[in-house]
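input-v7.txt (compact mmCIF, C-alpha atoms)
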```txt
# COMPACT_ATOMS: atom_id res chain seq x y z
CA MET J 1 -142.59 96.04 -2.82
CA THR J 2 -140.17 98.89 -3.65
CA SER J 3 -137.34 97.14 -1.80
CA ASN J 4 -137.97 93.97 -3.82
CA LEU J 5 -137.91 95.96 -7.04
CA GLN J 6 -134.60 97.52 -6.02
CA THR J 7 -133.18 94.05 -5.38
CA LEU J 8 -134.36 92.91 -8.81
CA ASP J 9 -132.82 96.04 -10.36
CA ARG J 10 -129.50 95.28 -8.67
CA LEU J 11 -129.61 91.66 -9.84
CA GLU J 12 -130.36 92.72 -13.42
CA THR J 13 -127.61 95.35 -13.40
CA GLY J 14 -125.09 92.93 -11.89
CA LEU J 15 -125.82 90.19 -14.43
CA THR J 16 -125.76 92.65 -17.32
CA GLN J 17 -122.33 93.85 -16.17
CA LEU J 18 -121.16 90.25 -15.83
CA LEU J 19 -122.21 89.47 -19.40
CA ASP J 20 -120.63 92.65 -20.77
CA GLU J 21 -117.37 91.83 -18.99
CA MET J 22 -117.40 88.24 -20.22
CA LEU J 23 -117.89 89.47 -23.78
CA ASP J 24 -115.06 91.97 -23.33
CA GLN J 25 -112.78 89.24 -22.01
CA MET J 26 -113.41 87.21 -25.16
CA GLY J 27 -111.92 90.19 -27.02
CA GLU J 28 -110.69 89.42 -30.50
CA ARG J 29 -112.05 85.86 -30.46
CA ARG J 30 -115.57 87.24 -30.09
CA ASP J 31 -114.96 89.79 -32.86
CA PHE J 32 -113.62 87.03 -35.11
CA PHE J 33 -116.70 84.84 -34.64
CA LEU J 34 -119.02 87.79 -35.21
CA GLU J 35 -117.25 88.62 -38.46
CA VAL J 36 -117.21 84.99 -39.60
CA SER J 37 -120.91 84.80 -38.86
CA GLN J 38 -121.44 87.75 -41.20
CA LEU J 39 -119.26 86.03 -43.80
CA ASP J 40 -121.42 82.94 -43.39
CA ASP J 41 -124.54 85.05 -44.09
CA LEU J 42 -122.79 86.48 -47.13
CA TRP J 43 -121.82 83.01 -48.36
CA GLU J 44 -125.43 81.81 -48.05
CA LYS J 45 -126.50 84.61 -50.40
CA ILE J 46 -123.65 83.90 -52.83
CA ASP J 47 -124.40 80.18 -52.77
CA GLY J 48 -128.03 81.03 -53.45
CA GLY J 49 -127.04 82.79 -56.66
CA GLN J 50 -126.58 86.41 -55.55
CA LEU J 51 -123.07 87.59 -56.39
CA GLN J 52 -122.56 90.11 -53.55
CA ALA J 53 -119.22 91.32 -54.96
CA GLU J 54 -119.47 94.71 -53.26
CA SER J 55 -120.31 93.13 -49.90
CA VAL J 56 -117.30 90.81 -50.23
CA SER J 57 -115.16 93.83 -51.07
CA ASP J 58 -116.44 95.68 -47.98
CA PHE J 59 -115.75 92.61 -45.85
CA ILE J 60 -112.18 92.39 -47.18
CA ILE J 61 -111.52 96.09 -46.61
CA LYS J 62 -112.85 95.86 -43.07
CA ASN J 63 -111.12 92.68 -42.01
CA ARG J 64 -108.14 91.75 -44.13
CA ASN J 65 -105.50 93.63 -42.16
CA ARG J 66 -107.00 92.55 -38.89
CA TRP J 67 -107.35 88.83 -39.61
CA SER J 68 -104.06 87.81 -41.15
CA GLY J 69 -102.34 84.48 -40.69
CA ASP J 70 -100.28 85.32 -37.62
CA ARG J 71 -103.26 86.71 -35.65
CA LEU J 72 -105.40 83.61 -35.94
CA THR J 73 -105.23 80.09 -34.56
CA SER J 74 -104.89 77.30 -37.12
CA GLN J 75 -108.55 76.42 -36.58
CA GLU J 76 -109.61 80.02 -37.23
CA ARG J 77 -107.41 80.22 -40.34
CA ARG J 78 -109.04 77.07 -41.69
CA LEU J 79 -112.50 78.42 -40.94
CA LEU J 80 -111.87 81.75 -42.66
CA GLY J 81 -110.02 80.00 -45.50
CA SER J 82 -112.93 77.63 -46.09
CA TYR J 83 -115.21 80.60 -46.85
CA LEU J 84 -112.72 82.60 -48.91
CA SER J 85 -111.72 79.61 -51.01
CA ARG J 86 -115.40 79.00 -51.87
CA ILE J 87 -116.08 82.66 -52.61
CA TYR J 88 -113.00 83.12 -54.80
CA PRO J 89 -114.06 80.93 -57.76
CA ARG J 90 -117.56 82.43 -57.74
CA LEU J 91 -116.07 85.88 -58.23
CA ALA J 92 -113.27 84.80 -60.55
CA THR J 93 -115.58 83.21 -63.09
CA THR J 94 -118.11 86.01 -63.61
CA GLY J 95 -116.10 87.76 -66.31
CA ASP J 96 -116.63 91.33 -65.08
CA ALA J 97 -113.69 93.49 -64.09
CA THR J 98 -114.92 94.46 -60.61
CA SER J 99 -115.53 90.87 -59.57
CA ALA J 100 -112.16 89.85 -61.00
CA ARG J 101 -110.45 92.54 -58.91
CA ILE J 102 -112.24 91.44 -55.75
CA ALA J 103 -111.42 87.80 -56.58
CA GLU J 104 -107.73 88.75 -56.71
CA GLU J 105 -108.03 90.48 -53.32
CA THR J 106 -109.68 87.34 -51.94
CA LYS J 107 -106.85 85.23 -53.32
CA GLU J 108 -104.22 87.54 -51.79
CA TRP J 109 -105.95 87.27 -48.42
CA LEU J 110 -105.98 83.47 -48.76
CA LYS J 111 -102.23 83.57 -49.39
CA SER J 112 -101.68 85.74 -46.32
CA LEU J 113 -103.61 83.13 -44.33
CA GLY J 114 -101.01 80.60 -45.40
CA GLN J 115 -102.51 79.06 -48.47
CA GLY J 116 -99.96 77.96 -51.02
CA ASN J 117 -99.75 79.28 -54.54
CA LEU J 118 -102.41 77.00 -55.96
CA LYS J 119 -104.89 77.22 -58.74
CA LEU J 120 -108.02 77.25 -56.57
CA THR J 121 -110.10 75.36 -59.06
CA LEU J 122 -113.85 75.31 -58.87
CA LYS J 123 -114.99 72.71 -56.44
CA ALA J 124 -117.00 70.06 -58.24
CA PRO J 125 -120.53 69.54 -56.98
CA LYS J 126 -121.01 66.44 -54.89
CA GLU J 127 -122.15 63.70 -57.14
CA GLU J 128 -122.54 60.04 -56.58
CA LEU J 129 -120.20 58.95 -59.34
CA PRO J 130 -118.74 55.46 -59.47
CA LEU J 131 -115.58 55.04 -57.39
CA THR J 132 -113.35 54.61 -60.45
CA GLU J 133 -114.69 57.85 -61.98
CA ARG J 134 -114.16 59.74 -58.71
CA PHE J 135 -110.57 58.49 -58.60
CA HIS J 136 -109.96 59.54 -62.19
CA ARG J 137 -111.44 62.94 -61.43
CA LEU J 138 -109.17 63.32 -58.41
CA LEU J 139 -106.08 62.46 -60.50
CA ARG J 140 -107.10 64.89 -63.23
CA GLN J 141 -107.58 67.66 -60.67
CA GLU J 142 -104.18 66.90 -59.14
CA LEU J 143 -102.55 66.92 -62.57
CA ASP J 144 -104.16 70.29 -63.22
CA GLU J 145 -102.81 71.67 -59.94
CA MET J 146 -99.32 70.25 -60.59
CA GLU J 147 -99.13 71.82 -64.03
CA PHE J 148 -100.09 75.15 -62.51
CA LEU J 149 -97.51 74.76 -59.73
CA LEU J 150 -94.70 73.67 -62.04
CA ASP J 151 -95.25 76.82 -64.07
CA LYS J 152 -94.37 78.78 -60.93
CA HIS J 153 -91.74 76.60 -59.25
CA ASP J 154 -88.74 74.65 -60.50
CA HIS J 155 -88.50 72.26 -57.56
CA LEU J 156 -90.92 69.62 -56.40
CA PHE J 157 -90.14 70.45 -52.77
CA THR J 158 -91.38 74.01 -53.29
CA CYS J 159 -94.52 72.60 -54.92
CA LEU J 160 -94.95 70.22 -51.98
CA ASP J 161 -94.62 73.10 -49.55
CA ASP J 162 -97.38 75.01 -51.39
CA VAL J 163 -99.62 71.94 -51.44
CA LEU J 164 -99.11 71.38 -47.71
CA LYS J 165 -99.87 75.03 -46.93
CA THR J 166 -103.10 74.72 -48.86
CA ALA J 167 -103.97 71.35 -47.31
CA GLU J 168 -103.51 72.95 -43.88
CA LEU J 169 -105.93 75.74 -44.70
CA ARG J 170 -108.56 73.89 -46.68
CA GLN J 171 -110.47 70.84 -45.60
CA ASP J 172 -110.11 69.29 -49.01
CA LYS J 173 -108.72 65.78 -49.33
CA THR J 174 -107.43 66.52 -52.83
CA TYR J 175 -104.52 68.49 -51.39
CA ARG J 176 -103.74 65.88 -48.76
CA HIS J 177 -103.76 63.19 -51.42
CA LEU J 178 -101.55 65.24 -53.72
CA ALA J 179 -99.14 65.97 -50.85
CA ALA J 180 -98.98 62.29 -49.95
CA SER J 181 -98.33 61.40 -53.57
CA LEU J 182 -95.48 63.93 -53.79
CA VAL J 183 -94.00 62.78 -50.49
CA TYR J 184 -94.08 59.15 -51.57
CA PHE J 185 -92.51 59.94 -54.92
CA LEU J 186 -89.71 62.04 -53.40
CA GLN J 187 -89.01 59.37 -50.79
CA SER J 188 -88.83 56.66 -53.45
CA GLU J 189 -86.32 58.85 -55.30
CA GLY J 190 -84.10 58.87 -52.21
CA PHE J 191 -84.88 62.32 -50.78
CA LYS J 192 -85.30 63.00 -47.07
CA VAL J 193 -88.93 63.78 -46.50
CA ASP J 194 -89.35 63.30 -42.74
CA PRO J 195 -90.38 66.92 -41.94
CA TYR J 196 -92.97 66.82 -44.73
CA VAL J 197 -94.32 63.49 -43.51
CA LYS J 198 -94.74 65.01 -40.03
CA ARG J 199 -96.55 68.04 -41.43
CA LEU J 200 -98.85 65.86 -43.51
CA ARG J 201 -99.61 63.60 -40.54
CA ARG J 202 -100.46 66.60 -38.39
CA ILE J 203 -102.69 68.11 -41.10
CA SER J 204 -104.43 64.77 -41.66
CA SER J 205 -105.07 64.21 -37.96
CA GLU J 206 -106.46 67.76 -37.63
CA ALA J 207 -108.72 67.13 -40.64
CA VAL J 208 -110.03 63.93 -39.07
CA GLY J 209 -110.53 65.71 -35.74
CA SER J 210 -112.36 68.68 -37.20
CA MET N 1 -117.71 76.24 -42.55
CA LEU N 2 -119.80 76.99 -39.50
CA SER N 3 -122.05 74.18 -38.37
CA PRO N 4 -125.66 75.15 -37.43
CA GLU N 5 -124.66 74.91 -33.75
CA GLU N 6 -121.62 77.16 -34.23
CA LYS N 7 -123.78 79.57 -36.19
CA ALA N 8 -126.26 79.63 -33.29
CA TYR N 9 -123.35 80.36 -30.93
CA CYS N 10 -122.33 83.33 -33.11
CA ARG N 11 -125.91 84.56 -33.21
CA ALA N 12 -126.07 84.31 -29.41
CA LEU N 13 -122.89 86.40 -29.10
CA GLU N 14 -124.33 88.99 -31.50
CA ALA N 15 -127.54 89.16 -29.45
CA LEU N 16 -125.64 89.49 -26.16
CA THR N 17 -123.52 92.28 -27.64
CA ARG N 18 -126.66 94.30 -28.35
CA ARG N 19 -128.22 93.16 -25.02
CA ASP N 20 -131.08 91.36 -26.73
CA TYR N 21 -131.36 88.62 -24.11
CA PRO N 22 -134.49 86.82 -25.41
CA ALA N 23 -132.80 86.44 -28.81
CA ALA N 24 -129.60 85.26 -27.09
CA ILE N 25 -131.51 82.57 -25.15
CA SER N 26 -133.23 81.38 -28.31
CA SER N 27 -129.85 81.07 -30.06
CA PHE N 28 -128.18 79.39 -27.07
CA GLU N 29 -130.92 76.76 -27.15
CA LYS N 30 -130.07 76.00 -30.76
CA CYS N 31 -126.45 75.25 -29.77
CA GLY N 32 -127.67 71.90 -28.42
CA GLU N 33 -125.03 69.63 -26.94
CA ARG N 34 -122.25 71.05 -29.11
CA PHE N 35 -121.06 73.39 -26.33
CA ALA N 36 -122.30 71.40 -23.34
CA ASP N 37 -118.84 71.41 -21.75
CA ASN N 38 -118.17 75.10 -22.45
CA GLN N 39 -118.51 76.66 -19.00
CA ARG N 40 -118.31 80.23 -20.24
CA LEU N 41 -121.18 79.67 -22.62
CA GLN N 42 -123.25 77.93 -19.96
CA ILE N 43 -122.74 80.85 -17.54
CA MET N 44 -123.64 83.38 -20.23
CA ALA N 45 -126.78 81.43 -21.17
CA GLN N 46 -127.90 81.13 -17.55
CA ALA N 47 -127.20 84.81 -16.87
CA ALA N 48 -129.29 85.77 -19.91
CA ARG N 49 -132.13 83.53 -18.70
CA ILE N 50 -132.06 85.07 -15.21
CA ILE N 51 -132.04 88.60 -16.66
CA CYS N 52 -135.14 87.77 -18.73
CA ALA N 53 -136.86 86.25 -15.70
CA VAL N 54 -135.98 89.32 -13.60
CA GLN N 55 -137.31 91.66 -16.28
CA GLU N 56 -140.55 89.67 -16.44
CA GLU N 57 -140.88 89.73 -12.65
CA LYS N 58 -140.27 93.49 -12.61
CA ARG N 59 -142.92 94.06 -15.25
CA LEU N 60 -145.40 91.99 -13.26
CA ARG N 61 -144.68 93.82 -10.00
CA GLU N 62 -144.89 97.22 -11.67
CA PHE N 63 -148.23 96.21 -13.18
CA ILE N 64 -149.57 95.08 -9.79
CA GLU N 65 -148.23 98.19 -8.07
CA SER N 66 -149.80 100.52 -10.64
CA ASN N 67 -153.14 98.67 -10.30
CA ILE N 68 -153.04 99.04 -6.51
CA VAL N 69 -152.31 102.78 -6.81
CA GLU N 70 -155.12 103.08 -9.35
CA ALA N 71 -157.52 101.27 -7.05
CA LEU N 72 -156.56 103.43 -4.07
CA LEU N 73 -156.96 106.65 -6.03
CA ASN N 74 -160.14 105.79 -7.92
CA GLY N 75 -161.72 103.23 -5.64
```

Can you turn what I pasted into structure tokens?
Amino acid sequence: MTSNLQTLDRLETGLTQLLDEMLDQMGERRDFFLEVSQLDDLWEKIDGGQLQAESVSDFIIKNRNRWSGDRLTSQERRLLGSYLSRIYPRLATTGDATSARIAEETKEWLKSLGQGNLKLTLKAPKEELPLTERFHRLLRQELDEMEFLLDKHDHLFTCLDDVLKTAELRQDKTYRHLAASLVYFLQSEGFKVDPYVKRLRRISSEAVGS
Amino acid sequence: MLSPEEKAYCRALEALTRRDYPAAISSFEKCGERFADNQRLQIMAQAARIICAVQEEKRLREFIESNIVEALLNG
């Protein structure tokens, strides 16, 4: 009996070591998913109506330097960006100074992840509007973004670059549509747009694949 | 955003990190087919299951052993 127990002990110890080593080998990828999981918990609370500004602030302080654009894969950047870009407008629209400061930090982190210099408008709730109304809404949102961009940049190519950066980070078809519109316009005006077309194609195929 | 299956994967990693194997198994089971071709995950899930089974077997044997000792001492 004792010998059997010793064998079971050895098996348990060996498998525990195996699991610990496998977790260690995952290294930063494991840490990233654990942090994103916490961010997901945080987002659930925010989406449920609890502001959680201090928790967002703590999350930013803990992770911002660690998870910047060059340390993450494009898939990870998109994942992190999808949470931050939803959290940002919730904080930015509360009207209190602390939330506004944390919103700015969130926005800066989004930029360091590769998001362009965009307005980050509130995402409209999903509604079953008629197709024509949805199209009008899309155009109005794009016009809003363009006005914001043209305040910051003189050239359409710089605007296009910002839109593409944002489209890469956020799974939002508005930015892909706006980028396509800009590309088509610039091409029709005789500009060379091949590199931008390639970027847009890659972003679109990744969006379809995700 | 994380899908429910990806969230379950994260929860499983959290549980493994704190060596809570029953919780890890429960989370792995919620991953469904999403990670069916992920060998690493499959190995980790199986290892956690075996550890739980071993712990259960050890508890059972210790219980039997203590009962035998009790019976021998007290009749």

task = State, in Å with one decimal place, the distance from CA of Ser188 in chain J to CA of Leu150 in chain J.
result =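 Here the two named atoms are 19.9 Å from each other.
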
task = Give me the residues within 8 Å of range 31-37 of chain N as a PyMOL selection string, counting all atoms listed in the file and dropping any in the same chain fewer than 5 places off.
result = chain N and resi 4-6+8-9+42

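Remark: for Lys7 in chain N, the closest of the candidate residues N:Val69, N:Glu29, N:Leu60, N:Gln46 is N:Glu29 (distances computed over only C-alpha atoms).
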
Taking only C-alpha atoms into account, produce a table as CSV in which each residue of chain N with an atom at most 12 Å from an atom of chain J appears once, together with its shortest atom pair and the distance in Å to one decimal, ordered by chain and rising number.
```
residue,atom,partner,partner_atom,distance
N:Met1,CA,J:Leu79,CA,5.9
N:Leu2,CA,J:Asp40,CA,7.3
N:Ser3,CA,J:Asp40,CA,10.1
N:Pro4,CA,J:Asp40,CA,10.7
N:Glu5,CA,J:Ser37,CA,11.7
N:Glu6,CA,J:Ser37,CA,9.0
N:Lys7,CA,J:Ser37,CA,6.5
N:Ala8,CA,J:Ser37,CA,9.3
N:Tyr9,CA,J:Phe33,CA,8.8
N:Cys10,CA,J:Leu34,CA,5.9
N:Arg11,CA,J:Ser37,CA,7.5
N:Ala12,CA,J:Leu34,CA,9.8
N:Leu13,CA,J:Leu34,CA,7.4
N:Glu14,CA,J:Leu34,CA,6.6
N:Ala15,CA,J:Leu34,CA,10.4
N:Leu16,CA,J:Leu19,CA,7.6
N:Thr17,CA,J:Leu23,CA,7.4
N:Arg18,CA,J:Asp20,CA,9.8
N:Arg19,CA,J:Thr16,CA,8.1
N:Asp20,CA,J:Thr16,CA,10.9
N:Tyr21,CA,J:Thr16,CA,9.7
N:Ala24,CA,J:Leu19,CA,11.5
N:Gln39,CA,J:Met22,CA,11.7
N:Arg40,CA,J:Met22,CA,8.1
N:Leu41,CA,J:Met22,CA,9.7
N:Gln42,CA,J:Leu19,CA,11.6
N:Ile43,CA,J:Leu19,CA,8.8
N:Met44,CA,J:Leu19,CA,6.3
N:Ala45,CA,J:Leu19,CA,9.4
N:Gln46,CA,J:Leu15,CA,9.8
N:Ala47,CA,J:Leu15,CA,6.1
N:Ala48,CA,J:Leu15,CA,7.8
N:Arg49,CA,J:Leu15,CA,10.1
N:Ile50,CA,J:Glu12,CA,8.0
N:Ile51,CA,J:Glu12,CA,5.5
N:Cys52,CA,J:Glu12,CA,8.7
N:Ala53,CA,J:Glu12,CA,9.5
N:Val54,CA,J:Leu8,CA,6.2
N:Gln55,CA,J:Glu12,CA,7.6
N:Glu56,CA,J:Leu8,CA,10.3
N:Glu57,CA,J:Leu8,CA,8.2
N:Lys58,CA,J:Leu5,CA,6.5
N:Arg59,CA,J:Leu5,CA,9.8
N:Leu60,CA,J:Leu5,CA,10.5
N:Arg61,CA,J:Leu5,CA,7.7
N:Glu62,CA,J:Leu5,CA,8.5
N:Phe63,CA,J:Met1,CA,11.8
N:Ile64,CA,J:Met1,CA,9.9
N:Glu65,CA,J:Met1,CA,8.0
N:Ser66,CA,J:Met1,CA,11.5
N:Ile68,CA,J:Met1,CA,11.5
```

What lies within 8 Å of Val183 in chain J using only C-alpha atoms, ignoring chain neighbours under 5 positions off, as a PDB file with C-alpha atoms, in the coordinates of the input?
```pdb
ATOM      1  CA  LEU J 160     -94.950  70.220 -51.980  1.00  0.00           C
ATOM      2  CA  VAL J 193     -88.930  63.780 -46.500  1.00  0.00           C
ATOM      3  CA  TYR J 196     -92.970  66.820 -44.730  1.00  0.00           C
ATOM      4  CA  VAL J 197     -94.320  63.490 -43.510  1.00  0.00           C
TER       5      VAL J 197
END
```

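Between Lys107 in chain J and the candidates J:Ser74, J:Ile60, J:Phe135, J:Gln50, the tightest atom-to-atom separation, counting all atoms listed in the file, involves J:Ile60.
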
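One distance worth recording is that between CA of Ile102 in chain J and CA of Ala53 in chain J, which is 7.0 Å.
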
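Taking CA of Arg140 in chain J and CA of Leu200 in chain J as the two end points, the separation is 21.4 Å.
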
Take range 179-205 of chain J, bring it up to N, CA, C and O atoms, and give me the output as a compact mmCIF listing (two decimals), in the frame of the given file.
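So out22.txt came out as:
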```txt
# COMPACT_ATOMS: atom_id res chain seq x y z
N ALA J 179 -100.34 65.87 -51.70
CA ALA J 179 -99.14 65.97 -50.85
C ALA J 179 -98.57 64.59 -50.56
O ALA J 179 -97.35 64.38 -50.66
N ALA J 180 -99.44 63.65 -50.24
CA ALA J 180 -98.98 62.29 -49.95
C ALA J 180 -98.31 61.67 -51.17
O ALA J 180 -97.27 61.00 -51.06
N SER J 181 -98.88 61.94 -52.33
CA SER J 181 -98.33 61.40 -53.57
C SER J 181 -96.93 61.96 -53.82
O SER J 181 -95.99 61.23 -54.17
N LEU J 182 -96.79 63.29 -53.60
CA LEU J 182 -95.48 63.93 -53.79
C LEU J 182 -94.46 63.40 -52.78
O LEU J 182 -93.31 63.12 -53.14
N VAL J 183 -94.90 63.28 -51.53
CA VAL J 183 -94.00 62.78 -50.49
C VAL J 183 -93.51 61.38 -50.84
O VAL J 183 -92.32 61.07 -50.78
N TYR J 184 -94.43 60.53 -51.25
CA TYR J 184 -94.08 59.15 -51.57
C TYR J 184 -93.11 59.10 -52.74
O TYR J 184 -92.12 58.37 -52.73
N PHE J 185 -93.38 59.92 -53.74
CA PHE J 185 -92.51 59.94 -54.92
C PHE J 185 -91.10 60.41 -54.54
O PHE J 185 -90.10 59.77 -54.91
N LEU J 186 -91.02 61.51 -53.78
CA LEU J 186 -89.71 62.04 -53.40
C LEU J 186 -88.94 61.04 -52.53
O LEU J 186 -87.73 60.89 -52.67
N GLN J 187 -89.66 60.37 -51.65
CA GLN J 187 -89.01 59.37 -50.79
C GLN J 187 -88.47 58.22 -51.64
O GLN J 187 -87.34 57.76 -51.44
N SER J 188 -89.27 57.79 -52.60
CA SER J 188 -88.83 56.66 -53.45
C SER J 188 -87.65 57.05 -54.33
O SER J 188 -86.91 56.20 -54.81
N GLU J 189 -87.47 58.36 -54.53
CA GLU J 189 -86.32 58.85 -55.30
C GLU J 189 -85.11 59.10 -54.41
O GLU J 189 -84.10 59.63 -54.86
N GLY J 190 -85.24 58.80 -53.13
CA GLY J 190 -84.10 58.87 -52.21
C GLY J 190 -83.97 60.18 -51.45
O GLY J 190 -82.95 60.41 -50.78
N PHE J 191 -84.95 61.05 -51.52
CA PHE J 191 -84.88 62.32 -50.78
C PHE J 191 -85.37 62.15 -49.35
O PHE J 191 -86.20 61.27 -49.06
N LYS J 192 -84.83 63.01 -48.48
CA LYS J 192 -85.30 63.00 -47.07
C LYS J 192 -86.60 63.78 -46.98
O LYS J 192 -86.64 64.95 -47.32
N VAL J 193 -87.61 63.12 -46.52
CA VAL J 193 -88.93 63.78 -46.50
C VAL J 193 -89.56 63.80 -45.10
O VAL J 193 -90.74 64.16 -44.96
N ASP J 194 -88.77 63.43 -44.09
CA ASP J 194 -89.35 63.30 -42.74
C ASP J 194 -90.14 64.52 -42.28
O ASP J 194 -91.26 64.37 -41.77
N PRO J 195 -89.60 65.76 -42.42
CA PRO J 195 -90.38 66.92 -41.94
C PRO J 195 -91.72 67.06 -42.66
O PRO J 195 -92.71 67.47 -42.07
N TYR J 196 -91.73 66.71 -43.95
CA TYR J 196 -92.97 66.82 -44.73
C TYR J 196 -93.98 65.76 -44.29
O TYR J 196 -95.19 66.01 -44.27
N VAL J 197 -93.43 64.56 -43.98
CA VAL J 197 -94.32 63.49 -43.51
C VAL J 197 -94.99 63.93 -42.20
O VAL J 197 -96.20 63.76 -42.01
N LYS J 198 -94.18 64.55 -41.31
CA LYS J 198 -94.74 65.01 -40.03
C LYS J 198 -95.83 66.05 -40.25
O LYS J 198 -96.88 66.02 -39.61
N ARG J 199 -95.55 66.99 -41.15
CA ARG J 199 -96.55 68.04 -41.43
C ARG J 199 -97.83 67.42 -41.97
O ARG J 199 -98.94 67.77 -41.55
N LEU J 200 -97.66 66.48 -42.90
CA LEU J 200 -98.85 65.86 -43.51
C LEU J 200 -99.63 65.07 -42.47
O LEU J 200 -100.87 65.10 -42.45
N ARG J 201 -98.91 64.37 -41.59
CA ARG J 201 -99.61 63.60 -40.54
C ARG J 201 -100.41 64.53 -39.63
O ARG J 201 -101.55 64.24 -39.27
N ARG J 202 -99.77 65.66 -39.27
CA ARG J 202 -100.46 66.60 -38.39
C ARG J 202 -101.71 67.17 -39.08
O ARG J 202 -102.80 67.20 -38.50
N ILE J 203 -101.55 67.55 -40.34
CA ILE J 203 -102.69 68.11 -41.10
C ILE J 203 -103.81 67.07 -41.22
O ILE J 203 -104.98 67.38 -41.03
N SER J 204 -103.42 65.83 -41.50
CA SER J 204 -104.43 64.77 -41.66
C SER J 204 -105.16 64.50 -40.35
O SER J 204 -106.38 64.33 -40.34
N SER J 205 -104.40 64.50 -39.25
CA SER J 205 -105.07 64.21 -37.96
C SER J 205 -105.99 65.37 -37.58
O SER J 205 -107.07 65.15 -37.04
```
